[in-house]
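Enquirer: If it helps, the file is called structure-v8.tsv and holds TSV, C-alpha atoms:
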chain	number	residue	atom	x	y	z
A	1	MET	CA	17.57	-52.48	38.49
A	2	GLY	CA	14.26	-54.39	38.51
A	3	THR	CA	13.75	-53.65	42.23
A	4	GLY	CA	14.26	-49.92	41.68
A	5	ILE	CA	11.70	-49.81	38.86
A	6	LEU	CA	9.25	-51.75	41.02
A	7	CYS	CA	9.69	-49.28	43.86
A	8	LEU	CA	9.09	-46.35	41.52
A	9	LEU	CA	5.93	-48.01	40.23
A	10	CYS	CA	4.71	-48.59	43.78
A	11	VAL	CA	5.34	-44.94	44.67
A	12	ALA	CA	3.50	-43.83	41.52
A	13	VAL	CA	0.53	-46.04	42.37
A	14	LEU	CA	0.36	-44.75	45.93
A	15	HIS	CA	0.67	-41.19	44.67
A	16	GLY	CA	-2.13	-41.74	42.18
A	17	GLN	CA	-4.43	-43.16	44.89
A	18	GLN	CA	-3.88	-40.25	47.24
A	19	LYS	CA	-6.67	-37.69	47.38
A	20	LEU	CA	-5.26	-34.24	46.80
A	21	THR	CA	-6.59	-30.98	48.10
A	22	LEU	CA	-7.02	-28.02	45.79
A	23	ARG	CA	-3.92	-26.34	47.21
A	24	GLU	CA	-1.83	-29.43	46.46
A	25	VAL	CA	-3.28	-29.65	42.96
A	26	VAL	CA	-2.47	-25.98	42.25
A	27	GLU	CA	1.06	-26.29	43.62
A	28	GLU	CA	1.76	-29.32	41.43
A	29	ALA	CA	0.37	-27.53	38.39
A	30	LEU	CA	2.56	-24.48	39.03
A	31	ARG	CA	5.61	-26.76	39.23
A	32	ASN	CA	4.93	-29.07	36.31
A	33	ASN	CA	2.50	-27.49	33.85
A	34	PRO	CA	4.29	-27.63	30.46
A	35	GLU	CA	2.74	-24.42	29.07
A	36	LEU	CA	3.84	-22.48	32.14
A	37	ARG	CA	7.34	-23.91	31.80
A	38	VAL	CA	7.47	-22.54	28.27
A	39	ARG	CA	6.42	-19.10	29.51
A	40	ARG	CA	9.28	-19.10	32.04
A	41	TYR	CA	11.74	-18.95	29.14
A	42	ASP	CA	10.31	-15.57	28.12
A	43	VAL	CA	11.71	-14.13	31.35
A	44	SER	CA	15.19	-15.59	30.93
A	45	ILE	CA	15.30	-14.50	27.28
A	46	ALA	CA	14.35	-10.93	28.24
A	47	GLU	CA	16.98	-10.91	31.00
A	48	ALA	CA	19.60	-12.04	28.47
A	49	ARG	CA	18.66	-9.04	26.32
A	50	VAL	CA	19.32	-6.79	29.32
A	51	LEU	CA	22.79	-8.29	29.61
A	52	GLN	CA	23.41	-7.63	25.93
A	53	ALA	CA	22.13	-4.05	26.15
A	54	ARG	CA	24.59	-3.20	28.92
A	55	LEU	CA	27.63	-4.13	26.85
A	56	ARG	CA	29.90	-1.41	25.50
A	57	PRO	CA	31.36	-1.44	21.94
A	58	ASN	CA	34.57	-3.42	21.63
A	59	PRO	CA	37.84	-1.62	20.82
A	60	ARG	CA	39.37	-2.37	17.41
A	61	LEU	CA	42.98	-3.33	16.82
A	62	SER	CA	44.53	-2.83	13.39
A	63	VAL	CA	47.99	-3.78	12.08
A	64	ASP	CA	49.11	-2.39	8.72
A	65	GLY	CA	52.28	-2.87	6.73
A	66	THR	CA	52.87	-0.30	3.99
A	67	TYR	CA	55.59	0.24	1.37
A	68	LEU	CA	56.64	-3.38	1.54
A	69	ASP	CA	59.41	-4.17	-0.93
A	70	LEU	CA	57.80	-7.38	-2.10
A	71	LEU	CA	58.77	-6.80	-5.76
A	72	GLY	CA	62.47	-6.39	-4.97
A	73	ALA	CA	62.77	-2.80	-6.25
A	74	GLY	CA	65.17	-1.92	-3.46
A	75	PHE	CA	63.93	1.30	-1.91
A	76	ASP	CA	66.56	4.03	-1.75
A	77	PRO	CA	65.58	7.29	-0.03
A	78	GLN	CA	67.99	9.23	-2.32
A	79	LEU	CA	66.95	7.66	-5.63
A	80	SER	CA	63.23	6.76	-5.18
A	81	PRO	CA	60.27	8.56	-3.56
A	82	ALA	CA	58.78	5.21	-2.61
A	83	GLY	CA	59.38	3.78	0.85
A	84	PRO	CA	60.70	3.33	3.33
A	85	THR	CA	58.79	0.31	4.71
A	86	GLU	CA	56.41	1.31	7.46
A	87	ALA	CA	54.50	-0.71	10.11
A	88	VAL	CA	51.41	0.85	11.66
A	89	THR	CA	49.70	-0.55	14.78
A	90	GLY	CA	46.44	1.17	15.67
A	91	LEU	CA	43.80	1.00	18.41
A	92	SER	CA	40.42	2.70	18.06
A	93	TRP	CA	37.25	3.04	20.12
A	94	GLU	CA	33.67	3.90	19.29
A	95	LEU	CA	32.42	6.37	21.88
A	96	GLU	CA	28.63	6.23	22.31
A	97	THR	CA	27.07	9.65	22.75
A	98	ALA	CA	23.70	11.03	23.92
A	99	GLY	CA	23.23	8.30	26.56
A	100	LYS	CA	22.59	5.51	24.04
A	101	ARG	CA	23.77	2.77	26.36
A	102	ARG	CA	21.67	4.08	29.25
A	103	TRP	CA	18.46	4.28	27.20
A	104	ARG	CA	19.14	0.92	25.54
A	105	THR	CA	19.64	-0.73	28.93
A	106	LEU	CA	16.54	0.93	30.38
A	107	ALA	CA	14.39	-0.25	27.47
A	108	ALA	CA	15.67	-3.82	27.87
A	109	SER	CA	15.19	-3.72	31.65
A	110	GLU	CA	11.57	-2.57	31.29
A	111	ALA	CA	10.98	-5.30	28.69
A	112	ALA	CA	12.32	-7.86	31.16
A	113	ALA	CA	10.06	-6.50	33.89
A	114	ALA	CA	7.11	-6.74	31.50
A	115	ALA	CA	8.05	-10.35	30.72
A	116	ARG	CA	8.10	-11.18	34.43
A	117	GLN	CA	4.66	-9.64	34.92
A	118	ALA	CA	3.35	-11.48	31.85
A	119	PHE	CA	4.59	-14.72	33.40
A	120	LEU	CA	2.79	-13.89	36.63
A	121	ASP	CA	-0.37	-13.26	34.62
A	122	ALA	CA	0.01	-16.63	32.89
A	123	ARG	CA	0.40	-18.15	36.34
A	124	ARG	CA	-2.76	-16.38	37.51
A	125	LEU	CA	-4.77	-17.71	34.56
A	126	LEU	CA	-3.39	-21.22	35.05
A	127	VAL	CA	-4.48	-21.20	38.70
A	128	LEU	CA	-7.99	-20.20	37.63
A	129	GLU	CA	-8.05	-22.91	34.96
A	130	VAL	CA	-6.93	-25.51	37.51
A	131	GLN	CA	-9.57	-24.33	39.98
A	132	ASN	CA	-12.30	-24.63	37.34
A	133	ALA	CA	-11.09	-28.10	36.38
A	134	TYR	CA	-11.09	-29.04	40.07
A	135	LEU	CA	-14.69	-27.83	40.39
A	136	ASN	CA	-15.69	-29.74	37.25
A	137	LEU	CA	-14.31	-32.91	38.81
A	138	ALA	CA	-15.99	-32.14	42.14
A	139	LEU	CA	-19.31	-31.61	40.32
A	140	ALA	CA	-18.95	-34.90	38.48
A	141	ARG	CA	-18.17	-36.68	41.78
A	142	GLU	CA	-21.24	-35.13	43.45
A	143	ASN	CA	-23.46	-36.25	40.57
A	144	VAL	CA	-22.04	-39.77	40.84
A	145	ARG	CA	-22.79	-39.88	44.55
A	146	THR	CA	-26.35	-38.63	43.99
A	147	LEU	CA	-26.99	-41.23	41.30
A	148	GLN	CA	-25.52	-43.94	43.51
A	149	GLU	CA	-27.99	-42.94	46.23
A	150	ILE	CA	-30.92	-43.05	43.79
A	151	LEU	CA	-29.78	-46.36	42.32
A	152	GLU	CA	-29.44	-47.83	45.79
A	153	THR	CA	-33.03	-46.81	46.47
A	154	PHE	CA	-34.26	-48.37	43.23
A	155	ASP	CA	-32.30	-51.57	43.85
A	156	GLY	CA	-34.12	-51.79	47.19
A	157	VAL	CA	-37.44	-51.22	45.41
A	158	VAL	CA	-36.63	-53.99	42.92
A	159	LYS	CA	-35.85	-56.43	45.72
A	160	VAL	CA	-39.09	-55.54	47.48
A	161	ASN	CA	-41.02	-55.95	44.23
A	162	GLU	CA	-39.43	-59.33	43.60
A	163	THR	CA	-40.63	-60.46	47.02
A	164	ARG	CA	-44.08	-58.98	46.42
A	165	TYR	CA	-44.29	-60.59	42.97
A	166	GLN	CA	-43.39	-63.99	44.34
A	167	ALA	CA	-46.07	-63.51	46.99
A	168	GLY	CA	-48.59	-62.56	44.29
A	169	ASP	CA	-49.12	-59.00	45.57
A	170	ILE	CA	-48.13	-57.29	42.31
A	171	ALA	CA	-48.19	-58.14	38.64
A	172	ARG	CA	-45.05	-58.99	36.67
A	173	LEU	CA	-45.45	-55.72	34.74
A	174	GLU	CA	-44.91	-53.77	37.96
A	175	LEU	CA	-41.72	-55.71	38.65
A	176	MET	CA	-40.46	-55.11	35.12
A	177	ARG	CA	-41.14	-51.40	35.39
A	178	SER	CA	-38.99	-51.14	38.52
A	179	GLN	CA	-36.22	-53.18	36.88
A	180	VAL	CA	-36.24	-50.98	33.75
A	181	ALA	CA	-36.16	-47.82	35.88
A	182	ALA	CA	-33.23	-49.18	37.88
A	183	LEU	CA	-31.41	-50.01	34.63
A	184	GLY	CA	-32.01	-46.48	33.34
A	185	PHE	CA	-30.49	-44.91	36.46
A	186	ARG	CA	-27.61	-47.40	36.28
A	187	ASN	CA	-26.85	-46.21	32.73
A	188	GLN	CA	-26.96	-42.60	33.92
A	189	LEU	CA	-24.53	-43.56	36.65
A	190	ARG	CA	-22.13	-45.04	34.09
A	191	ARG	CA	-22.26	-41.83	32.06
A	192	ALA	CA	-21.64	-39.78	35.21
A	193	GLU	CA	-18.67	-41.98	36.13
A	194	LEU	CA	-17.27	-41.52	32.61
A	195	LYS	CA	-17.64	-37.76	32.99
A	196	ALA	CA	-15.78	-37.90	36.31
A	197	ARG	CA	-12.93	-39.90	34.75
A	198	GLN	CA	-12.67	-37.45	31.86
A	199	GLU	CA	-12.56	-34.47	34.23
A	200	ALA	CA	-9.85	-36.21	36.28
A	201	ILE	CA	-7.76	-36.69	33.13
A	202	GLN	CA	-8.18	-33.03	32.21
A	203	LEU	CA	-7.15	-31.89	35.68
A	204	GLN	CA	-4.07	-34.14	35.65
A	205	ARG	CA	-3.10	-32.71	32.25
A	206	LEU	CA	-3.10	-29.23	33.75
A	207	MET	CA	-0.99	-30.58	36.62
A	208	GLY	CA	1.63	-31.71	34.10
A	209	ARG	CA	1.31	-35.43	34.74
A	210	PRO	CA	2.52	-37.34	31.67
A	211	ALA	CA	0.41	-40.42	32.42
A	212	PRO	CA	-2.98	-39.80	34.10
A	213	SER	CA	-3.78	-42.20	36.92
A	214	PRO	CA	-7.24	-43.83	36.91
A	215	GLU	CA	-7.24	-43.75	40.73
A	216	PHE	CA	-6.72	-40.00	40.90
A	217	ASP	CA	-9.17	-38.18	43.13
A	218	VAL	CA	-9.51	-34.90	44.97
A	219	ALA	CA	-10.53	-34.03	48.50
A	220	GLY	CA	-11.92	-30.97	50.21
A	221	GLU	CA	-15.19	-29.14	50.39
A	222	ILE	CA	-16.57	-26.84	47.71
A	223	ARG	CA	-16.12	-23.21	48.72
A	224	ARG	CA	-19.16	-21.65	50.34
A	225	GLU	CA	-17.98	-18.48	52.14
A	226	GLY	CA	-19.41	-15.04	51.56
A	227	PRO	CA	-18.32	-12.50	48.94
A	228	PRO	CA	-14.70	-11.30	49.18
A	229	GLY	CA	-15.66	-7.61	49.22
A	230	ASP	CA	-17.85	-5.02	47.57
A	231	LEU	CA	-17.69	-3.92	43.95
A	232	GLU	CA	-15.68	-0.74	44.58
A	233	SER	CA	-12.99	-2.41	46.68
A	234	LEU	CA	-12.67	-5.29	44.21
A	235	THR	CA	-12.26	-2.89	41.31
A	236	ALA	CA	-9.58	-0.92	43.13
A	237	ALA	CA	-7.77	-4.11	44.13
A	238	ALA	CA	-7.85	-5.43	40.57
A	239	LEU	CA	-6.42	-2.22	39.12
A	240	GLU	CA	-3.69	-2.26	41.75
A	241	ALA	CA	-2.64	-5.90	41.68
A	242	ARG	CA	-3.31	-7.27	38.18
A	243	PRO	CA	0.00	-8.44	36.64
A	244	ASP	CA	-1.23	-7.95	33.08
A	245	ARG	CA	-1.86	-4.27	33.84
A	246	GLU	CA	1.59	-3.96	35.39
A	247	ALA	CA	3.04	-5.69	32.32
A	248	LEU	CA	1.48	-3.05	30.06
A	249	ARG	CA	2.71	-0.27	32.34
A	250	ARG	CA	6.22	-1.69	31.99
A	251	GLU	CA	5.71	-1.99	28.25
A	252	LEU	CA	4.76	1.71	28.14
A	253	ARG	CA	7.94	2.60	30.02
A	254	ARG	CA	9.93	0.44	27.59
A	255	ALA	CA	8.34	2.27	24.66
A	256	GLU	CA	9.22	5.64	26.22
A	257	ALA	CA	12.82	4.52	26.71
A	258	GLU	CA	12.85	3.24	23.13
A	259	VAL	CA	11.83	6.71	21.92
A	260	GLU	CA	14.75	8.25	23.80
A	261	PHE	CA	17.10	5.59	22.44
A	262	GLN	CA	16.04	6.14	18.82
A	263	GLN	CA	16.38	9.89	19.23
A	264	ALA	CA	19.86	9.34	20.67
A	265	LEU	CA	20.75	7.20	17.65
A	266	ALA	CA	20.16	10.26	15.49
A	267	ARG	CA	23.28	11.78	17.08
A	268	PRO	CA	26.47	10.24	15.68
A	269	ASN	CA	28.98	8.36	17.78
A	270	LEU	CA	32.61	9.42	17.92
A	271	ASP	CA	35.38	7.17	16.62
A	272	LEU	CA	38.64	7.85	18.45
A	273	GLY	CA	41.88	6.13	17.40
A	274	VAL	CA	45.58	6.13	18.15
A	275	ALA	CA	48.28	4.58	15.96
A	276	HIS	CA	51.97	3.78	16.30
A	277	HIS	CA	54.07	4.24	13.14
A	278	LYS	CA	57.43	2.60	12.68
A	279	GLN	CA	59.56	3.35	9.58
A	280	PHE	CA	62.57	1.25	8.74
A	281	VAL	CA	65.18	3.77	7.60
A	282	GLY	CA	68.78	2.74	7.84
A	283	SER	CA	69.96	1.22	11.07
A	284	LEU	CA	67.69	3.36	13.28
A	285	PRO	CA	63.99	3.03	12.55
A	286	GLY	CA	61.84	6.11	12.92
A	287	GLN	CA	58.82	5.97	15.26
A	288	SER	CA	55.84	8.28	15.70
A	289	LEU	CA	52.26	8.42	16.99
A	290	SER	CA	49.13	9.64	15.31
A	291	LEU	CA	45.67	10.46	16.67
A	292	ARG	CA	42.38	10.17	14.77
A	293	LEU	CA	38.90	11.47	15.51
A	294	GLU	CA	36.10	10.49	13.13
A	295	VAL	CA	32.63	12.05	13.32
A	296	PRO	CA	29.85	10.98	10.88
A	297	LEU	CA	27.88	13.88	9.47
A	298	PRO	CA	24.09	13.25	9.80
A	299	LEU	CA	23.06	15.19	6.75
A	300	TRP	CA	20.29	12.92	5.40
A	301	ASN	CA	19.90	9.87	7.65
A	302	ARG	CA	18.92	11.14	11.08
A	303	ASN	CA	16.98	7.99	12.03
A	304	GLN	CA	13.69	9.68	11.24
A	305	GLY	CA	11.82	6.46	10.44
A	306	GLU	CA	12.79	4.62	13.63
A	307	ILE	CA	11.99	7.65	15.76
A	308	GLU	CA	8.51	7.83	14.23
A	309	ARG	CA	8.02	4.10	14.74
A	310	ALA	CA	9.03	4.37	18.40
A	311	LEU	CA	6.63	7.27	18.93
A	312	ARG	CA	3.73	5.29	17.46
A	313	GLU	CA	4.63	2.24	19.57
A	314	ARG	CA	4.56	4.44	22.65
A	315	ASP	CA	1.10	5.73	21.73
A	316	GLN	CA	-0.04	2.18	21.07
A	317	ALA	CA	1.23	0.97	24.45
A	318	ALA	CA	-0.60	3.82	26.20
A	319	ALA	CA	-3.82	2.95	24.34
A	320	ARG	CA	-3.46	-0.71	25.27
A	321	LEU	CA	-3.05	0.20	28.91
A	322	ARG	CA	-6.19	2.34	28.89
A	323	ALA	CA	-8.13	-0.41	27.11
A	324	LEU	CA	-7.01	-3.03	29.64
A	325	GLU	CA	-7.99	-0.83	32.57
A	326	GLN	CA	-11.46	-0.47	31.08
A	327	GLN	CA	-11.60	-4.21	30.50
A	328	ILE	CA	-10.61	-4.92	34.11
A	329	ARG	CA	-13.43	-2.71	35.38
A	330	SER	CA	-15.86	-4.55	33.13
A	331	GLU	CA	-14.53	-7.95	34.25
A	332	VAL	CA	-15.01	-7.06	37.90
A	333	ALA	CA	-18.55	-5.78	37.32
A	334	TRP	CA	-19.46	-8.84	35.24
A	335	ALA	CA	-18.03	-11.29	37.78
A	336	TRP	CA	-19.71	-9.44	40.64
A	337	GLU	CA	-23.13	-9.71	38.99
A	338	GLN	CA	-22.50	-13.37	38.24
A	339	HIS	CA	-21.55	-13.94	41.87
A	340	GLN	CA	-24.64	-12.19	43.18
A	341	THR	CA	-26.92	-14.24	40.92
A	342	ALA	CA	-25.19	-17.48	41.85
A	343	ARG	CA	-25.52	-16.66	45.56
A	344	GLN	CA	-29.23	-15.89	45.27
A	345	LEU	CA	-29.87	-19.06	43.28
A	346	LEU	CA	-27.96	-21.25	45.72
A	347	GLU	CA	-29.66	-19.78	48.78
A	348	SER	CA	-33.07	-20.17	47.14
A	349	MET	CA	-32.43	-23.81	46.37
A	350	GLU	CA	-31.13	-24.55	49.86
A	351	VAL	CA	-34.12	-22.91	51.54
A	352	GLU	CA	-36.94	-23.92	49.26
A	353	MET	CA	-36.11	-26.92	47.10
A	354	ILE	CA	-33.58	-29.43	48.46
A	355	GLY	CA	-35.31	-30.45	51.68
A	356	GLN	CA	-38.73	-30.45	50.06
A	357	ALA	CA	-37.63	-32.63	47.14
A	358	ARG	CA	-36.00	-35.13	49.50
A	359	ARG	CA	-39.07	-35.27	51.76
A	360	VAL	CA	-41.41	-35.82	48.80
A	361	ARG	CA	-39.16	-38.59	47.51
A	362	ASP	CA	-39.03	-40.33	50.91
A	363	ILE	CA	-42.80	-40.05	51.43
A	364	ILE	CA	-43.61	-41.44	47.98
A	365	GLU	CA	-41.11	-44.28	48.46
A	366	PHE	CA	-42.61	-45.17	51.85
A	367	SER	CA	-46.13	-45.03	50.41
A	368	TYR	CA	-45.12	-47.16	47.44
A	369	ARG	CA	-43.63	-49.86	49.67
A	370	ARG	CA	-46.96	-49.95	51.52
A	371	GLY	CA	-48.90	-50.11	48.27
A	372	GLU	CA	-50.48	-46.67	48.70
A	373	ALA	CA	-48.70	-44.98	45.75
A	374	SER	CA	-48.20	-46.07	42.15
A	375	PHE	CA	-44.87	-46.84	40.58
A	376	LEU	CA	-45.25	-43.87	38.25
A	377	ASP	CA	-45.52	-41.63	41.32
A	378	LEU	CA	-42.31	-43.14	42.69
A	379	LEU	CA	-40.49	-42.80	39.37
A	380	ASP	CA	-41.60	-39.19	39.00
A	381	ALA	CA	-40.49	-38.39	42.56
A	382	GLN	CA	-37.04	-39.96	41.97
A	383	ARG	CA	-36.56	-38.13	38.71
A	384	THR	CA	-37.58	-34.85	40.32
A	385	PHE	CA	-35.17	-35.52	43.17
A	386	TRP	CA	-32.35	-36.30	40.71
A	387	GLU	CA	-32.99	-33.16	38.64
A	388	THR	CA	-33.18	-31.05	41.80
A	389	MET	CA	-29.96	-32.48	43.23
A	390	GLN	CA	-28.19	-32.10	39.89
A	391	ALA	CA	-29.26	-28.45	39.72
A	392	TYR	CA	-28.21	-27.97	43.34
A	393	ASN	CA	-24.76	-29.47	42.70
A	394	GLU	CA	-24.35	-27.19	39.70
A	395	ALA	CA	-25.44	-24.19	41.77
A	396	ARG	CA	-22.89	-25.01	44.49
A	397	VAL	CA	-20.12	-25.36	41.95
A	398	GLU	CA	-21.16	-22.22	40.10
A	399	TYR	CA	-21.09	-20.21	43.32
A	400	ALA	CA	-17.61	-21.50	44.14
A	401	ARG	CA	-16.57	-20.78	40.57
A	402	THR	CA	-17.56	-17.13	40.96
A	403	LEU	CA	-15.46	-16.89	44.12
A	404	TYR	CA	-12.41	-18.24	42.31
A	405	LEU	CA	-13.13	-15.93	39.38
A	406	LEU	CA	-13.23	-12.87	41.65
A	407	ASP	CA	-9.97	-13.98	43.26
A	408	ALA	CA	-8.37	-14.32	39.83
A	409	ILE	CA	-9.66	-10.99	38.57
A	410	VAL	CA	-8.18	-9.15	41.56
A	411	ALA	CA	-5.00	-11.31	41.39
A	412	ARG	CA	-5.49	-12.65	44.90
A	413	GLU	CA	-4.60	-16.14	46.07
A	414	ALA	CA	-7.68	-18.19	46.89
A	415	PRO	CA	-8.14	-19.47	50.47
Could you render the structure from this file as structure tokens?
Expert:
Amino acid sequence: MGTGILCLLCVAVLHGQQKLTLREVVEEALRNNPELRVRRYDVSIAEARVLQARLRPNPRLSVDGTYLDLLGAGFDPQLSPAGPTEAVTGLSWELETAGKRRWRTLAASEAAAAARQAFLDARRLLVLEVQNAYLNLALARENVRTLQEILETFDGVVKVNETRYQAGDIARLELMRSQVAALGFRNQLRRAELKARQEAIQLQRLMGRPAPSPEFDVAGEIRREGPPGDLESLTAAALEARPDREALRRELRRAEAEVEFQQALARPNLDLGVAHHKQFVGSLPGQSLSLRLEVPLPLWNRNQGEIERALRERDQAAARLRALEQQIRSEVAWAWEQHQTARQLLESMEVEMIGQARRVRDIIEFSYRRGEASFLDLLDAQRTFWETMQAYNEARVEYARTLYLLDAIVAREAP
């Protein structure tokens, strides 16, 4: 028993230390996310309603005993009009008319199809949420690496200044300034590491892990490919493939079938019955059959209220579908503009800012080590480099985020 638990713990530790790619993270989230598991029950519940809608009314069996001589009067056919004792065994059926079962089943089937599409839409949104959480963690990791690089530089400056101070080349104030600056960047690094741990916990929550691992990490490069298409093709693809739009289309069909079903309910069902009569007269009982047909007369209640409700629900479903189609077009246009802006910003930073900021930092650091630049110049160059790299990391992540957003809007699996 103890060995088995130890093995499970070892496997869990190894699993937590493994760096996962985005595809592996998404697959685990789709398997284990608790909210998505809850949404799966909507499909099975809707399918159970289809099963119920297909059922036909049960036949009814009745057994009657009439003219029973329980008071001991002693029935005599010649002396008393009462009696003789009679046993009646009947079987009756309710016959549904006007295609009620067909429309009821169709409405339930369309509701089940809408539930399946709604589940696919929940899956689509979960994938996008996981991708954004993955990018948040990647951004936090990039910021940590940048701060580690800056801190390593400042630690080197502090060591050089300690040597120069001991040699009498600089004042103690200069050494203290470098130490305080290094401490400031070290505190920023701690905050960045905390942010990375928090983003890792959030990502593992989406993956459905009950106990987040502190060693959890992700692998893979941040997406950098070109746009997935032009605005017109993306809009057409979104209108064609979006599961939430298909869910509303199915809901509209369900509402139309519900109208037909409610109109069919206005027409009464037939109640057909057959009965066997057995009368106990003398030594030879008399037997006979009887047939019964019962038809309700819809004089006042013709299901007017439910028919009107079904008609308004159909109109509402059609309006919702039109509103969603308009929303999808707006989402595509909005995401496209966001993508274009993110691309322009990223390209501008890569061409004009990153290399220049790094070169300025390196030149100032080299000059400072030779005593040709002041410490304030070095500190300003490092802070500028950090702000530039932080903005660049955010621009890279934002560009990748727009790619994932476009994939989600058009309901397409990301590369």
Enquirer: Can you measure CA of Arg197 in chain A to CA of Leu183 in chain A for me? One decimal in Å is fine.
Expert: 21.1 Å
Enquirer: Counting all atoms listed in the file, which residue out of A:Leu346, A:Ile364, A:Leu406, A:Leu321 sits closest to Arg250 in chain A?
Expert: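 Closest residue, counting all atoms listed in the file: A:Leu321.
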Enquirer: As an exercise, work out the distance from CA of Glu94 in chain A to CA of Ser290 in chain A in Å and give it to one decimal place.
Expert: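 Answer for the CA of Glu94 in chain A to CA of Ser290 in chain A separation: 17.0 Å.
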Enquirer: Please determine, counting all atoms listed in the file, which residue among A:Ala255, A:Pro243, A:Arg101, A:Ala182 has the shortest atom-to-atom distance to Gln316 in chain A.
Expert: A:Ala255
Enquirer: Could the centre and edge lengths of an axis-aligned box, enclosing all atoms of range 223-238 of chain A in the file with 4 Å extra on each side, be given in Å to one decimal as AutoDock Vina command-line options?
Expert:
--center_x -13.6 --center_y -12.0 --center_z 46.4 --size_x 19.6 --size_y 30.5 --size_z 19.6
Enquirer: Can you pull out every residue within 12 Å of Glu47 in chain A, counting only C-alpha atoms, but drop anything in the same chain fewer than 6 positions away, and send it as a list of chain:residue names?
Expert: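 So, after excluding close chain neighbours, the residues are A:Arg40, A:Tyr41, A:Ala53, A:Arg54, A:Thr105, A:Leu106, A:Ala107, A:Ala108, A:Ser109, A:Glu110, A:Ala111, A:Ala112, A:Ala113, A:Ala114, A:Ala115, A:Arg116.
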Enquirer: Would you write out those residues with C-alpha atoms, as a short mmCIF file (atom, residue, chain, number, x, y, z; two decimals), in the frame of the given file?
Expert:
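Ended up saving to again12.cif:
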data_model
loop_
_atom_site.label_atom_id
_atom_site.label_comp_id
_atom_site.auth_asym_id
_atom_site.auth_seq_id
_atom_site.Cartn_x
_atom_site.Cartn_y
_atom_site.Cartn_z
CA ARG A 40 9.28 -19.10 32.04
CA TYR A 41 11.74 -18.95 29.14
CA ALA A 53 22.13 -4.05 26.15
CA ARG A 54 24.59 -3.20 28.92
CA THR A 105 19.64 -0.73 28.93
CA LEU A 106 16.54 0.93 30.38
CA ALA A 107 14.39 -0.25 27.47
CA ALA A 108 15.67 -3.82 27.87
CA SER A 109 15.19 -3.72 31.65
CA GLU A 110 11.57 -2.57 31.29
CA ALA A 111 10.98 -5.30 28.69
CA ALA A 112 12.32 -7.86 31.16
CA ALA A 113 10.06 -6.50 33.89
CA ALA A 114 7.11 -6.74 31.50
CA ALA A 115 8.05 -10.35 30.72
CA ARG A 116 8.10 -11.18 34.43
#
Enquirer: For Ile328 in chain A, which residue out of A:Thr235, A:Gln340, A:Gln262, A:Thr384 is the nearest one, using only C-alpha atoms?
Expert: A:Thr235
Enquirer: Between CA of Ala264 in chain A and CA of Leu252 in chain A, what is the spacing in Å?
Expert: 18.5 Å
Enquirer: With only C-alpha atoms as the counted atoms, please give the residues lying no more than 12 Å from Gly286 in chain A, apart from itself and same-chain residues fewer than 3 positions off, as a list in words.
Expert: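 Everything that qualifies: Pro84, Thr85, Glu86, Ala87, Val88, His276, His277, Lys278, Gln279, Phe280, Val281, Gly282, Ser283 and Leu289 of chain A.
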Enquirer: So which one's closest to Glu232 in chain A, A:Phe154, A:Tyr165, A:Phe185, A:Trp336? Using only C-alpha atoms, please.
Expert: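 Once distances to Glu232 in chain A are computed over only C-alpha atoms, the minimum belongs to A:Trp336.
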Enquirer: Which residue is closest to Arg412 in chain A? Choose from A:Leu51, A:Ala241, A:Leu248, A:Ala266 and count all atoms listed in the file.
Expert: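 So, comparing all the options, the nearest one is A:Ala241.
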Enquirer: With distances taken over only C-alpha atoms, which residue among A:Arg23, A:Arg343, A:Arg254, A:Arg242 lies nearest Arg329 in chain A?
Expert: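 When distances to Arg329 in chain A are compared using only C-alpha atoms, the smallest one comes from A:Arg242.
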Enquirer: Would you kindly return, as a PyMOL selection string, each protein, DNA or RNA residue with an atom no farther than 6 Å from any atom of range 390-404 of chain A, considering all atoms listed in the file and excluding same-chain residues fewer than 6 positions away?
Expert: chain A and resi 223+339+342+346
Enquirer: What would the file look like if the residues just selected were written as a CSV table (one decimal), keeping the file's coordinate frame with C-alpha atoms?
Expert:
chain,number,residue,atom,x,y,z
A,223,ARG,CA,-16.1,-23.2,48.7
A,339,HIS,CA,-21.6,-13.9,41.9
A,342,ALA,CA,-25.2,-17.5,41.8
A,346,LEU,CA,-28.0,-21.2,45.7
Enquirer: Please build the interface table for range 14-74 of chain A against range 126-132 of chain A with a cut-off of 10 Å, listing for each qualifying residue the nearest atom pair and the distance in Å to one decimal; count all atoms listed in the file, order rows by chain and increasing number, and write it as JSON lines.
Expert:
{"residue": "A:Leu22", "atom": "CA", "partner": "A:Gln131", "partner_atom": "CA", "distance": 7.3}
{"residue": "A:Arg23", "atom": "CA", "partner": "A:Gln131", "partner_atom": "CA", "distance": 9.4}
{"residue": "A:Val25", "atom": "CA", "partner": "A:Val130", "partner_atom": "CA", "distance": 7.8}
{"residue": "A:Val26", "atom": "CA", "partner": "A:Val127", "partner_atom": "CA", "distance": 6.3}
{"residue": "A:Glu27", "atom": "CA", "partner": "A:Val127", "partner_atom": "CA", "distance": 9.0}
{"residue": "A:Ala29", "atom": "CA", "partner": "A:Val130", "partner_atom": "CA", "distance": 7.6}
{"residue": "A:Leu30", "atom": "CA", "partner": "A:Val127", "partner_atom": "CA", "distance": 7.8}
{"residue": "A:Asn33", "atom": "CA", "partner": "A:Leu126", "partner_atom": "CA", "distance": 8.7}
{"residue": "A:Glu35", "atom": "CA", "partner": "A:Leu126", "partner_atom": "CA", "distance": 9.1}
{"residue": "A:Leu36", "atom": "CA", "partner": "A:Leu126", "partner_atom": "CA", "distance": 7.9}
Enquirer: Near Leu379 in chain A, counting only C-alpha atoms, which residues have an atom at most 8 Å away, once you skip same-chain residues fewer than 4 positions from it, shown as a short mmCIF file (atom, residue, chain, number, x, y, z; two decimals) with C-alpha atoms, keeping the file's coordinate frame?
Expert:
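Result written to out.cif:
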data_model
loop_
_atom_site.label_atom_id
_atom_site.label_comp_id
_atom_site.auth_asym_id
_atom_site.auth_seq_id
_atom_site.Cartn_x
_atom_site.Cartn_y
_atom_site.Cartn_z
CA ALA A 181 -36.16 -47.82 35.88
CA PHE A 375 -44.87 -46.84 40.58
CA ARG A 383 -36.56 -38.13 38.71
#
